[in-house]
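The file model_28.txt contains compact mmCIF, C-alpha atoms and all ligand atoms:
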# COMPACT_ATOMS: atom_id res chain seq x y z
CA MET A 117 8.77 -10.27 -19.00
CA LYS A 118 5.34 -8.71 -19.39
CA LYS A 119 4.94 -5.54 -17.35
CA VAL A 120 2.28 -5.40 -14.67
CA THR A 121 -0.28 -2.67 -15.38
CA LEU A 122 -3.57 -1.64 -13.81
CA SER A 123 -5.28 -3.92 -16.36
CA THR A 124 -3.19 -6.87 -15.16
CA LEU A 125 -4.12 -6.16 -11.55
CA LEU A 126 -7.81 -5.70 -12.36
CA LYS A 127 -7.82 -9.07 -14.18
CA LYS A 128 -6.26 -10.68 -11.11
CA LYS A 129 -9.07 -9.35 -8.96
CA GLN A 130 -11.66 -10.60 -11.43
CA SER A 131 -10.10 -14.09 -11.61
CA GLN A 132 -9.50 -14.14 -7.83
CA GLU A 133 -5.76 -14.52 -8.23
CA LYS A 134 -4.06 -12.82 -5.28
CA ILE A 135 -1.92 -9.72 -5.86
CA THR A 136 1.45 -9.57 -4.06
CA ALA A 137 3.01 -6.30 -2.97
CA LEU A 138 5.95 -5.06 -0.90
CA THR A 139 7.38 -1.68 -0.09
CA ALA A 140 10.75 -0.95 -1.71
CA TYR A 141 13.11 1.98 -1.37
CA ASP A 142 16.20 1.14 -3.44
CA ALA A 143 17.21 -0.46 -6.76
CA SER A 144 18.87 -3.59 -5.33
CA PHE A 145 15.87 -4.77 -3.31
CA ALA A 146 13.50 -3.65 -6.07
CA LYS A 147 15.41 -5.92 -8.48
CA LEU A 148 15.32 -8.82 -6.03
CA PHE A 149 11.55 -8.43 -5.46
CA ASP A 150 10.91 -7.96 -9.18
CA GLU A 151 12.83 -11.13 -10.04
CA GLN A 152 10.86 -13.18 -7.52
CA GLY A 153 7.60 -11.97 -9.11
CA ILE A 154 6.21 -9.36 -6.72
CA ASP A 155 3.40 -7.57 -8.63
CA VAL A 156 3.39 -4.16 -6.95
CA MET A 157 6.12 -2.11 -5.28
CA LEU A 158 5.25 0.86 -3.12
CA ILE A 159 7.71 3.58 -2.21
CA GLY A 160 5.99 4.12 1.13
CA ASP A 161 6.35 7.08 3.44
CA SER A 162 7.04 4.29 5.94
CA LEU A 163 10.60 5.16 4.94
CA GLY A 164 10.45 7.82 7.65
CA MET A 165 10.17 4.98 10.14
CA VAL A 166 12.19 2.11 8.65
CA LEU A 167 14.95 4.13 6.94
CA ASN A 168 15.10 7.22 9.14
CA GLY A 169 14.10 5.64 12.45
CA GLN A 170 11.41 8.19 13.26
CA ASP A 171 8.29 7.42 15.33
CA ASP A 172 5.86 8.29 12.52
CA THR A 173 5.74 9.22 8.82
CA LEU A 174 5.04 12.94 9.18
CA ALA A 175 8.49 14.39 8.38
CA VAL A 176 8.82 12.65 5.02
CA THR A 177 8.89 15.02 2.01
CA THR A 178 7.91 14.64 -1.63
CA ASP A 179 11.59 15.00 -2.54
CA ASP A 180 12.43 12.06 -0.23
CA ILE A 181 9.84 9.87 -1.97
CA ALA A 182 10.96 11.08 -5.43
CA TYR A 183 14.60 10.21 -4.62
CA HIS A 184 13.69 6.65 -3.60
CA THR A 185 11.20 6.27 -6.46
CA LYS A 186 14.01 6.94 -8.96
CA SER A 187 16.06 4.16 -7.36
CA VAL A 188 13.18 1.68 -7.26
CA ARG A 189 12.27 2.44 -10.86
CA SER A 190 15.87 1.71 -11.92
CA GLY A 191 15.71 -1.75 -10.35
CA THR A 192 12.26 -2.66 -11.69
CA ASN A 193 11.37 -4.38 -14.96
CA ARG A 194 8.03 -6.00 -14.35
CA ALA A 195 6.28 -4.75 -11.20
CA PHE A 196 3.80 -1.87 -11.01
CA VAL A 197 5.35 1.06 -9.08
CA ILE A 198 3.31 3.25 -6.71
CA ALA A 199 4.68 6.27 -4.82
CA ASP A 200 3.20 7.58 -1.58
CA MET A 201 2.24 11.23 -1.40
CA PRO A 202 3.56 12.35 2.01
CA PHE A 203 1.87 14.31 4.79
CA MET A 204 0.45 17.67 3.56
CA SER A 205 1.71 17.17 -0.01
CA TYR A 206 -1.92 16.86 -1.20
CA SER A 207 -3.65 19.20 1.24
CA THR A 208 -5.33 20.94 -1.73
CA PRO A 209 -5.90 19.70 -5.30
CA GLN A 210 -3.45 22.30 -6.66
CA THR A 211 -0.71 21.23 -4.24
CA SER A 212 -1.32 17.60 -5.15
CA TYR A 213 -0.78 18.26 -8.87
CA GLN A 214 2.65 19.84 -8.34
CA ASN A 215 3.79 17.06 -6.03
CA ALA A 216 2.30 14.17 -8.01
CA ALA A 217 4.12 15.52 -11.09
CA LYS A 218 7.46 15.12 -9.26
CA LEU A 219 6.65 11.52 -8.29
CA MET A 220 5.48 10.53 -11.78
CA ALA A 221 8.60 12.13 -13.29
CA ALA A 222 10.71 10.11 -10.84
CA GLY A 223 9.20 6.89 -12.20
CA ALA A 224 5.96 6.20 -10.36
CA SER A 225 3.00 4.80 -12.32
CA MET A 226 0.47 5.74 -9.62
CA VAL A 227 0.37 7.83 -6.45
CA LYS A 228 -1.24 6.94 -3.13
CA VAL A 229 -3.14 9.31 -0.82
CA GLU A 230 -4.56 8.71 2.66
CA GLY A 231 -8.09 9.78 3.47
CA ASP A 232 -11.81 9.64 2.75
CA GLU A 233 -14.48 11.77 1.05
CA TRP A 234 -12.55 15.05 1.44
CA LEU A 235 -10.18 13.78 -1.30
CA ALA A 236 -12.82 13.45 -4.05
CA ASP A 237 -11.81 16.58 -5.99
CA THR A 238 -8.11 15.81 -5.62
CA ILE A 239 -8.58 12.27 -6.92
CA ALA A 240 -10.74 13.35 -9.88
CA GLY A 241 -8.35 16.19 -10.72
CA LEU A 242 -5.26 13.98 -10.63
CA ARG A 243 -6.87 11.32 -12.78
CA GLN A 244 -8.08 13.86 -15.34
CA ARG A 245 -4.48 15.07 -15.58
CA GLY A 246 -3.08 11.58 -16.19
CA VAL A 247 -2.17 10.49 -12.68
CA PRO A 248 -3.73 7.22 -11.48
CA VAL A 249 -4.58 7.33 -7.78
CA CYS A 250 -4.55 4.65 -5.10
CA GLY A 251 -6.63 5.37 -1.99
CA HIS A 252 -5.69 4.37 1.57
CA LEU A 253 -8.32 3.82 4.27
CA GLY A 254 -8.46 2.32 7.76
CA LEU A 255 -5.37 3.05 9.82
CA THR A 256 -3.93 5.95 7.82
CA PRO A 257 -0.61 6.64 9.56
CA GLN A 258 -0.44 10.31 8.55
CA SER A 259 -3.42 10.82 10.91
CA VAL A 260 -1.80 9.01 13.86
CA HIS A 261 -2.15 12.06 16.10
CA VAL A 262 -5.85 12.37 15.29
CA PHE A 263 -6.37 8.68 16.14
CA GLY A 264 -4.29 8.96 19.33
CA GLY A 265 -1.96 6.15 18.31
CA PHE A 266 -1.61 3.35 15.74
CA LYS A 267 -4.98 1.66 16.34
CA VAL A 268 -7.21 -0.80 14.51
CA GLN A 269 -9.99 1.10 12.67
CA GLY A 270 -13.60 0.22 11.77
CA ARG A 271 -14.25 -1.94 14.84
CA SER A 272 -17.73 -0.64 15.73
CA ASP A 273 -20.71 -1.18 13.41
CA SER A 274 -21.03 2.53 12.72
CA ALA A 275 -17.30 2.92 12.01
CA ALA A 276 -17.44 -0.08 9.67
CA GLU A 277 -20.43 1.35 7.75
CA LYS A 278 -18.69 4.71 7.50
CA LEU A 279 -15.50 3.14 6.13
CA LEU A 280 -17.46 1.08 3.58
CA ALA A 281 -19.28 4.21 2.39
CA SER A 282 -15.96 6.07 2.11
CA ALA A 283 -14.44 3.26 0.03
CA LYS A 284 -17.39 3.44 -2.39
CA ALA A 285 -17.14 7.24 -2.54
CA LEU A 286 -13.42 7.05 -3.35
CA GLU A 287 -14.07 4.55 -6.14
CA GLN A 288 -16.75 6.89 -7.45
CA ALA A 289 -14.24 9.77 -7.34
CA GLY A 290 -11.84 7.77 -9.50
CA ILE A 291 -9.34 5.76 -7.45
CA GLN A 292 -8.11 2.71 -9.35
CA MET A 293 -6.78 0.77 -6.34
CA LEU A 294 -7.25 0.87 -2.58
CA VAL A 295 -4.94 0.03 0.32
CA LEU A 296 -6.87 -1.01 3.41
CA GLU A 297 -4.86 -1.01 6.65
CA CYS A 298 -5.62 -2.50 10.07
CA VAL A 299 -9.33 -3.29 9.99
CA PRO A 300 -11.22 -6.40 11.10
CA THR A 301 -11.17 -9.32 8.65
CA GLU A 302 -14.93 -9.13 8.03
CA LEU A 303 -14.73 -5.46 7.06
CA GLY A 304 -11.79 -6.22 4.76
CA LYS A 305 -13.97 -8.79 3.04
CA ARG A 306 -16.98 -6.46 2.71
CA VAL A 307 -14.93 -3.62 1.22
CA THR A 308 -13.22 -6.01 -1.23
CA GLN A 309 -16.56 -7.39 -2.41
CA ALA A 310 -18.17 -3.94 -2.67
CA LEU A 311 -15.51 -2.46 -4.97
CA SER A 312 -14.66 -3.38 -8.55
CA ILE A 313 -11.05 -2.11 -8.21
CA PRO A 314 -8.26 -4.13 -6.53
CA VAL A 315 -8.14 -3.84 -2.72
CA ILE A 316 -4.71 -4.51 -1.20
CA GLY A 317 -4.72 -5.28 2.51
CA ILE A 318 -2.23 -4.87 5.34
CA GLY A 319 -3.65 -6.11 8.61
CA ALA A 320 -7.05 -6.31 6.87
CA GLY A 321 -7.46 -10.09 6.83
CA VAL A 322 -7.10 -12.78 4.19
CA HIS A 323 -10.04 -11.85 1.93
CA THR A 324 -8.61 -8.74 0.24
CA ASP A 325 -7.52 -9.00 -3.41
CA GLY A 326 -3.88 -8.80 -2.40
CA GLN A 327 -1.46 -8.19 0.44
CA ILE A 328 1.28 -5.66 1.09
CA LEU A 329 3.98 -5.65 3.77
CA VAL A 330 6.71 -3.20 4.69
CA MET A 331 9.85 -4.99 3.46
CA HIS A 332 11.75 -4.43 6.71
CA ASP A 333 8.93 -6.08 8.68
CA MET A 334 8.89 -9.03 6.24
CA PHE A 335 12.62 -9.52 6.85
CA GLY A 336 12.27 -8.87 10.60
CA VAL A 337 14.79 -6.01 10.59
CA SER A 338 12.61 -2.98 11.36
CA ALA A 339 14.33 -0.40 13.53
CA ASN A 340 11.56 0.15 16.06
CA TYR A 341 8.76 -2.35 16.35
CA MET A 342 7.09 -5.24 14.53
CA PRO A 343 3.31 -4.90 14.01
CA LYS A 344 1.10 -7.89 14.87
CA PHE A 345 -0.16 -8.14 11.28
CA SER A 346 3.32 -8.64 9.84
CA LYS A 347 5.42 -11.78 9.56
CA ASN A 348 9.17 -12.36 9.63
CA TYR A 349 9.78 -14.54 6.57
CA LEU A 350 13.57 -14.38 6.84
CA VAL A 351 13.69 -16.25 10.12
CA GLU A 352 11.79 -19.19 8.52
CA THR A 353 13.81 -19.34 5.32
CA GLY A 354 17.24 -17.93 6.17
CA ASP A 355 17.56 -16.38 2.72
CA LEU A 356 16.29 -13.10 1.25
CA ARG A 357 15.07 -14.57 -2.03
CA LYS A 358 13.46 -17.60 -0.38
CA ALA A 359 11.74 -15.29 2.12
CA VAL A 360 10.12 -13.33 -0.72
CA MET A 361 9.21 -16.57 -2.56
CA GLN A 362 7.58 -17.94 0.59
CA TYR A 363 5.62 -14.72 1.15
CA ILE A 364 4.35 -14.84 -2.45
CA GLU A 365 3.40 -18.50 -2.14
CA ASP A 366 1.58 -17.96 1.16
CA VAL A 367 -0.39 -15.02 -0.24
CA HIS A 368 -1.29 -16.96 -3.40
CA LYS A 369 -2.51 -19.92 -1.32
CA GLY A 370 -4.45 -17.72 1.11
CA GLN A 371 -2.15 -18.86 3.93
CA PHE A 372 -1.00 -15.33 4.79
CA PRO A 373 -2.30 -13.53 6.72
CA GLY A 374 -3.43 -16.16 9.21
CA PRO A 375 -5.75 -15.43 12.14
CA GLU A 376 -2.71 -14.58 14.27
CA HIS A 377 -1.91 -11.71 11.86
CA SER A 378 -5.51 -10.50 11.61
CA PHE A 379 -8.08 -8.63 13.70
CA GLU A 380 -11.48 -10.15 14.41
O1 LIG A 401 4.08 3.68 3.75
C1 LIG A 401 3.81 2.48 3.58
O2 LIG A 401 4.68 1.59 3.60
C2 LIG A 401 2.40 2.13 3.34
C3 LIG A 401 2.05 0.68 3.36
C4 LIG A 401 2.13 0.14 4.74
C5 LIG A 401 0.74 0.40 2.74
O3 LIG A 401 1.60 3.00 3.14
NA NA A 402 2.35 5.10 3.53
This structure in C-alpha cells:
Amino acid sequence: MKKVTLSTLLKKKQSQEKITALTAYDASFAKLFDEQGIDVMLIGDSLGMVLNGQDDTLAVTTDDIAYHTKSVRSGTNRAFVIADMPFMSYSTPQTSYQNAAKLMAAGASMVKVEGDEWLADTIAGLRQRGVPVCGHLGLTPQSVHVFGGFKVQGRSDSAAEKLLASAKALEQAGIQMLVLECVPTELGKRVTQALSIPVIGIGAGVHTDGQILVMHDMFGVSANYMPKFSKNYLVETGDLRKAVMQYIEDVHKGQFPGPEHSFE
C-alpha cells in the first residue's frame, strides 16, 4: 500500500478529491482506520476530553501525546500521522522545538499548533528544522477560556476577514496543512480557495479539502457531549468498519457534512 505523504494530500486538493481524516489514540483503531482507507490520523489533544473525561484539553501534556502517537504509529501502514502540540508546549519557538522533537521521535510526520500570526516564527523555525507544521484556526479549543466557551468563530464580517488574513499569513510562514474548526460554511469555502495547501474542516462546512472528526464522536461514544457538527455513523451501520466506510464515502461524495452539521 502506498503511503500517504504531504505530496499525496496536496495532489488530492489540486484534483478536488476529498481528504478523509479521523483522530486516533491507539494501535487497534489506527489499524482499523488505516485498513478502511482513512488518509490522515491525528493524535488530538481531544484525548483529554474523550479518553480522560475532562471538560477541556488544557491538562494534556506532550508526553501524553507522545505515548499515544507511538501506539498509533504502530498500527498505521498507509495514513499520514499528525500529532497535536498541547497547551503551552509551543509558547516560544525554543519550547516548540524540544516538544516537537519528542512527537516526531514517537512517530508523527507533522505537528499541529493552534493560533494565528503570533506563531509565524515558531512555524518557520520548526519547518527549517525538519518538522512539517499543520495550523489550526477558528475554534481553537486551547483558547476556550479566552473565547468564553466552545463557540462558532468568524461569524461577523470583520472576524471573517481577520481569520482569512491569518490563514494566508500562516501559509506564508510555512504551514503545509490547516485545520479549520467551527466556522460558517461560506468562510470555510473562502479559506479553502485562498490557500494552496490542504484545508481540513471540522464544523467548517462541506467545501473544505477534507474532513476530520473525533473518532469517539463518529462512533457516538463520547464521554461528555456530542457537537452539532459531528455525526454518529455507528448507529446507522451497526458495525465499526462499516461506520468508517460510510464516513469515507459520505465525505468523498460531498454528503458529509450536511447543512444540519454546518453553520450558516
Ligand atoms: O484534538 C483534536 O481532536 C483536534 C481535532 C478536532 C481537529 O484538534
Ligand atoms: Na486538538
Using only C-alpha atoms and all ligand atoms, which residues have at least one atom no more than 9 Å from ligand LIG 401 (chain A)? Output them as a VMD selection string. chain A and resid 138 to 140 158 to 165 173 199 to 200 202 228 to 230 252 256 to 257 295 to 297 316 to 318 328 to 331
Residues from the last selection, C-alpha atoms, saved as a short mmCIF file (atom, residue, chain, number, x, y, z; two decimals), in the frame of the given file:
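Output file out_12.cif is given in full below:
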data_model
loop_
_atom_site.label_atom_id
_atom_site.label_comp_id
_atom_site.auth_asym_id
_atom_site.auth_seq_id
_atom_site.Cartn_x
_atom_site.Cartn_y
_atom_site.Cartn_z
CA LEU A 138 5.95 -5.06 -0.90
CA THR A 139 7.38 -1.68 -0.09
CA ALA A 140 10.75 -0.95 -1.71
CA LEU A 158 5.25 0.86 -3.12
CA ILE A 159 7.71 3.58 -2.21
CA GLY A 160 5.99 4.12 1.13
CA ASP A 161 6.35 7.08 3.44
CA SER A 162 7.04 4.29 5.94
CA LEU A 163 10.60 5.16 4.94
CA GLY A 164 10.45 7.82 7.65
CA MET A 165 10.17 4.98 10.14
CA THR A 173 5.74 9.22 8.82
CA ALA A 199 4.68 6.27 -4.82
CA ASP A 200 3.20 7.58 -1.58
CA PRO A 202 3.56 12.35 2.01
CA LYS A 228 -1.24 6.94 -3.13
CA VAL A 229 -3.14 9.31 -0.82
CA GLU A 230 -4.56 8.71 2.66
CA HIS A 252 -5.69 4.37 1.57
CA THR A 256 -3.93 5.95 7.82
CA PRO A 257 -0.61 6.64 9.56
CA VAL A 295 -4.94 0.03 0.32
CA LEU A 296 -6.87 -1.01 3.41
CA GLU A 297 -4.86 -1.01 6.65
CA ILE A 316 -4.71 -4.51 -1.20
CA GLY A 317 -4.72 -5.28 2.51
CA ILE A 318 -2.23 -4.87 5.34
CA ILE A 328 1.28 -5.66 1.09
CA LEU A 329 3.98 -5.65 3.77
CA VAL A 330 6.71 -3.20 4.69
CA MET A 331 9.85 -4.99 3.46
#
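The residue set within 7 Å of Ile239 in chain A, counting all atoms listed in the file and dropping same-chain residues fewer than 6 places from it, reads Val249, Ala289, Gly290 and Ile291 of chain A.
With all atoms listed in the file as the atoms that count, the residue of A:Ala236, A:Val322, A:Gly265, A:Thr308 with the shortest distance to Ala285 in chain A is A:Ala236.
By only C-alpha atoms, and with residues fewer than 3 positions from Phe266 in chain A along its chain excluded, the set lying at most 10 Å from it is A:Asp172, A:Leu255, A:Thr256, A:Pro257, A:Ser259, A:Val260, A:His261, A:Val262, A:Phe263, A:Gln269, A:Cys298, A:Pro343.
In this model, the gap between CA of Val360 in chain A and CA of Ile154 in chain A comes to 8.2 Å.
Candidate residues A:Asn193, A:Thr121, A:Gln170, A:Gln258 were compared for distance to ligand NA 402 (chain A), and the nearest is A:Gln258, using only C-alpha atoms and all ligand atoms.
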What would range 198-220 of chain A look like with N, CA and C atoms in place, written as a PDB file, in the coordinates of the input?
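So out-v8.pdb came out as:
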ATOM      1  N   ILE A 198       4.170   2.221  -7.318  1.00  0.00           N
ATOM      2  CA  ILE A 198       3.310   3.250  -6.710  1.00  0.00           C
ATOM      3  C   ILE A 198       4.146   4.077  -5.732  1.00  0.00           C
ATOM      4  N   ALA A 199       3.966   5.388  -5.754  1.00  0.00           N
ATOM      5  CA  ALA A 199       4.680   6.270  -4.820  1.00  0.00           C
ATOM      6  C   ALA A 199       3.681   6.914  -3.862  1.00  0.00           C
ATOM      7  N   ASP A 200       4.032   6.916  -2.586  1.00  0.00           N
ATOM      8  CA  ASP A 200       3.200   7.580  -1.580  1.00  0.00           C
ATOM      9  C   ASP A 200       3.325   9.095  -1.695  1.00  0.00           C
ATOM     10  N   MET A 201       2.194   9.784  -1.562  1.00  0.00           N
ATOM     11  CA  MET A 201       2.240  11.230  -1.400  1.00  0.00           C
ATOM     12  C   MET A 201       2.327  11.479   0.108  1.00  0.00           C
ATOM     13  N   PRO A 202       3.390  12.178   0.550  1.00  0.00           N
ATOM     14  CA  PRO A 202       3.560  12.350   2.010  1.00  0.00           C
ATOM     15  C   PRO A 202       2.607  13.372   2.630  1.00  0.00           C
ATOM     16  N   PHE A 203       2.657  13.401   3.944  1.00  0.00           N
ATOM     17  CA  PHE A 203       1.870  14.310   4.790  1.00  0.00           C
ATOM     18  C   PHE A 203       1.866  15.729   4.214  1.00  0.00           C
ATOM     19  N   MET A 204       0.664  16.287   4.015  1.00  0.00           N
ATOM     20  CA  MET A 204       0.450  17.670   3.560  1.00  0.00           C
ATOM     21  C   MET A 204       0.888  17.944   2.118  1.00  0.00           C
ATOM     22  N   SER A 205       1.297  16.927   1.380  1.00  0.00           N
ATOM     23  CA  SER A 205       1.710  17.170  -0.010  1.00  0.00           C
ATOM     24  C   SER A 205       0.506  17.154  -0.951  1.00  0.00           C
ATOM     25  N   TYR A 206      -0.696  16.858  -0.388  1.00  0.00           N
ATOM     26  CA  TYR A 206      -1.920  16.860  -1.200  1.00  0.00           C
ATOM     27  C   TYR A 206      -3.055  17.518  -0.406  1.00  0.00           C
ATOM     28  N   SER A 207      -2.673  18.539   0.372  1.00  0.00           N
ATOM     29  CA  SER A 207      -3.650  19.200   1.240  1.00  0.00           C
ATOM     30  C   SER A 207      -4.692  19.984   0.437  1.00  0.00           C
ATOM     31  N   THR A 208      -4.344  20.371  -0.802  1.00  0.00           N
ATOM     32  CA  THR A 208      -5.330  20.940  -1.730  1.00  0.00           C
ATOM     33  C   THR A 208      -5.110  20.278  -3.087  1.00  0.00           C
ATOM     34  N   PRO A 209      -6.113  20.294  -3.973  1.00  0.00           N
ATOM     35  CA  PRO A 209      -5.900  19.700  -5.300  1.00  0.00           C
ATOM     36  C   PRO A 209      -4.678  20.304  -6.000  1.00  0.00           C
ATOM     37  N   GLN A 210      -4.557  21.628  -5.964  1.00  0.00           N
ATOM     38  CA  GLN A 210      -3.450  22.300  -6.660  1.00  0.00           C
ATOM     39  C   GLN A 210      -2.094  21.808  -6.154  1.00  0.00           C
ATOM     40  N   THR A 211      -1.955  21.730  -4.829  1.00  0.00           N
ATOM     41  CA  THR A 211      -0.710  21.230  -4.240  1.00  0.00           C
ATOM     42  C   THR A 211      -0.436  19.805  -4.717  1.00  0.00           C
ATOM     43  N   SER A 212      -1.503  19.011  -4.779  1.00  0.00           N
ATOM     44  CA  SER A 212      -1.320  17.600  -5.150  1.00  0.00           C
ATOM     45  C   SER A 212      -0.807  17.471  -6.580  1.00  0.00           C
ATOM     46  N   TYR A 213      -1.226  18.366  -7.477  1.00  0.00           N
ATOM     47  CA  TYR A 213      -0.780  18.260  -8.870  1.00  0.00           C
ATOM     48  C   TYR A 213       0.727  18.478  -8.965  1.00  0.00           C
ATOM     49  N   GLN A 214       1.204  19.526  -8.295  1.00  0.00           N
ATOM     50  CA  GLN A 214       2.650  19.840  -8.340  1.00  0.00           C
ATOM     51  C   GLN A 214       3.462  18.671  -7.804  1.00  0.00           C
ATOM     52  N   ASN A 215       3.012  18.121  -6.684  1.00  0.00           N
ATOM     53  CA  ASN A 215       3.790  17.060  -6.030  1.00  0.00           C
ATOM     54  C   ASN A 215       3.673  15.720  -6.752  1.00  0.00           C
ATOM     55  N   ALA A 216       2.468  15.415  -7.251  1.00  0.00           N
ATOM     56  CA  ALA A 216       2.300  14.170  -8.010  1.00  0.00           C
ATOM     57  C   ALA A 216       3.162  14.201  -9.270  1.00  0.00           C
ATOM     58  N   ALA A 217       3.297  15.387  -9.875  1.00  0.00           N
ATOM     59  CA  ALA A 217       4.120  15.520 -11.090  1.00  0.00           C
ATOM     60  C   ALA A 217       5.558  15.100 -10.792  1.00  0.00           C
ATOM     61  N   LYS A 218       6.086  15.495  -9.641  1.00  0.00           N
ATOM     62  CA  LYS A 218       7.460  15.120  -9.260  1.00  0.00           C
ATOM     63  C   LYS A 218       7.599  13.601  -9.125  1.00  0.00           C
ATOM     64  N   LEU A 219       6.569  12.971  -8.528  1.00  0.00           N
ATOM     65  CA  LEU A 219       6.650  11.520  -8.290  1.00  0.00           C
ATOM     66  C   LEU A 219       6.505  10.737  -9.592  1.00  0.00           C
ATOM     67  N   MET A 220       5.637  11.202 -10.479  1.00  0.00           N
ATOM     68  CA  MET A 220       5.480  10.530 -11.780  1.00  0.00           C
ATOM     69  C   MET A 220       6.755  10.703 -12.600  1.00  0.00           C
TER      70      MET A 220
END
